[in-house]
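Participant: I'd like to ask you about the structure that follows.
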Amino acid sequence: RPAIVWFRDDLRMADHPALHEAAASDQPLICLYILDDITPALHPLGAAARWWLHGALADLRRNLKKQGGTLLTLSGSAEKLLPQLTTLTGATSVYWHHRLHEKERAQDERIRKTLEQQGCEVGPHWGTVLVDPEAVRTKQDGFYRICGSFWKALQTHIVPEPLEAPVRLSFHAVPSSTLPDARLKEDDLCPHAPDWAAGFRKTWEPGEAEAQEHLEDFLRQSVSRYPGGRDQVAEEGTSRLSPYLASGAVSPRQVWAALQKHGAHAEGPRIFLSELGWREFARYTLYHFSKLPFENLNPKFSGLKWRSSAADLKAWQQGRTGVPIVDAAMRQLWQTGWMHNRARMIVGSFLTKHLLMDWKKGDAWFRDTLVDADFANNAMNWQWVAGTGIEATPFFRIFNPTRQAEKFDPDGDYIRQWVPELRGLSGRALFEPWAANEEDLRKGHVRLGKTYPYPIIDLKEGRDRALQAFRRL
Ligand code: FAD
């Protein structure tokens, strides 16, 4: 009688405790993925993440095929489909990894009860975090609200060693007539007309082996330069592991173990691991504070009057704000599905402070356009940038985009790459074309208001307006 392994945001073979446990049961396996757009979704997958999912499912299927198996992909309500599938196939056990948000956990609990009533055993494991979020507690048995203290406490726990991919798996063939109406049309995950994913295909290859390659390349070439290099937006100074971590092509424990092996005490690896600590803290916060993606975690900000302007939001989304570093970053996002972390902070600060628009608008746009869109990381970082989170940058910290560009894109390469109409400018004129003299603009073939927009907000006015709005609270 078969066992079902229910894959979710853990699309890999190695370090997959659920797959490992199922393999150890000696039952033939049914490997399953369900795209559930039906259950009142907490976080429906955005378009970019769907594009990524298409590649990640194909990769997992190829890896299973090497062992004689396949991946069954369904679309519909998981709460309905799993019990139906267990009945149809006679499966006696189902394995999966825990999810984090209380509503997801409640759904898993309902599924567990239904399956157990059918006589099925259910074995959930932790597979997407370093350590069980229940285990990391303060001395008063509470939960951490500050990442630094959380990370220090987490490191006193033993992070389990990653598991090797199981070999010699046996599989249960599911007849193609099983649940025919629920088969996932995987091609629908990719855009057709218009096909906006050409830049994605040039930039990314989803897959488990590719994730390992990224990790190894990063350890070989960049980790020692990470402390300074990670903020330079034009450089490849970071690992670009985020979409692999978000889809689970690599587990945080694999990354942790690779860094330990490399020597985690040097400055580069230590700082890099602390970024993995932010990822872990975002998951921990989502687990313990379920309103993270929906409300300001700091109630002081609930009375904040955000502005509403469809035109400003559109200019921000399309990279046409007239502020070069902001536009470069938003266009990098649109064309590749990814944006550098420093640039995310700059565009986040510009939206929530200079434009005084609700961080949830930015969160929603990122969720639709990032290949690494991550329910926990995205919301926690947006609240951090806006200053509304439990651990957040103070509200009066407003990035000046020009100063940020001068510091983190000093040669202007990033702006020139993503905003080609400004390529002819250099120095200060490239960072602030509105302040450039006529001669520089003419030589650079820039006509403000024609080839490149005037800024949609005067930076000083925007800053003062934000400070006033925040101070009123
Ligand atoms: P590296 O610097 O190589 O870091 C390694 C890994 O650590 C990352 O892959 C990521 O998993 C984790 N990490 C790094 N920085 C952070 C951070 N600040 N918070 C949480 N985890 C971190 N990251 C996402 O994965 N998904 C998101 O949806 C997301 N939305 C964001 C929104 C905003 C407004 C901001 C400011 C940041 C957001 N981040 C998000 C965090 C961060 O920008 C990305 O994880 C990082 O840029 C990914 O690039 P990398 O893999 O090269 O990072």
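All residue names refer to the structure tokens as shown: chains lettered A, B, ... in order, residues numbered from 1 in each chain, ligands numbered from 1 in order.
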Mind listing the residues within 8 Å of ligand 1, only C-alpha atoms and all ligand atoms counted, as a PyMOL selection string?
Facilitator: chain A and resi 226+230+237-246+272-282+338-348+362-363+366-367+370+372-385
Participant: Applying 6 Å and only C-alpha atoms, which residues near stretch 45-54 of chain A remain after dropping the ones on its own chain fewer than 2 positions away? List them as a PyMOL selection string.
Facilitator: chain A and resi 56-57+189-190+367-371
Participant: Measuring atom to atom with only C-alpha atoms, identify which of A:Gln417, A:Ser170, A:Ser290, A:Ser349 is nearest to A:Asn400.
Facilitator: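 Residue with the minimum atom-to-atom distance to A:Asn400: A:Ser349.
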Participant: May I ask which of the residues A:Glu102, A:Ala182, A:Trp96, A:Trp196 is the closest one to A:Ser77, counting only C-alpha atoms?
Facilitator: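 Closest candidate: A:Ala182.
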Participant: Need to verify the contact set: stretch 61-63 of chain A, 10 Å, only C-alpha atoms, exclusion of same-chain residues closer than 4 positions in sequence. Can you return it as a VMD selection string?
Facilitator: chain A and resid 11 to 13 31 55 to 57 67 to 73 207 to 209
Participant: Can you list, as a ChimeraX atom specification, every protein, DNA or RNA residue that comes within 9 Å of A:Asp358 when you count only C-alpha atoms, leaving out same-chain residues fewer than 6 positions away?
Facilitator: /A:305-308,351-352,386
Participant: For the selection just defined, write its residues with C-alpha atoms to a file, as a PDB file, in the first residue's frame.
Facilitator:
```pdb
ATOM      1  CA  LYS A 305      -3.052  58.213   7.037  1.00  0.00           C
ATOM      2  CA  TRP A 306      -1.421  56.709   3.969  1.00  0.00           C
ATOM      3  CA  ARG A 307      -1.810  58.540   0.683  1.00  0.00           C
ATOM      4  CA  SER A 308      -3.632  56.983  -2.185  1.00  0.00           C
ATOM      5  CA  LEU A 351       7.204  54.256  -1.598  1.00  0.00           C
ATOM      6  CA  THR A 352       6.362  54.339   2.108  1.00  0.00           C
ATOM      7  CA  ALA A 386       8.064  51.308   6.641  1.00  0.00           C
TER       8      ALA A 386
END
```
Participant: Out of stretch 58-244 of chain A, which residues get strand (DSSP E) from DSSP, as number ranges by chain?
Facilitator: A: 71-75, 93-97, 121-125
Participant: Can you tell me how far atom CA of A:Arg105 sits from atom CA of A:Val131, in Å to one decimal?
Facilitator: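 Between these atoms lies a distance of 16.9 Å.
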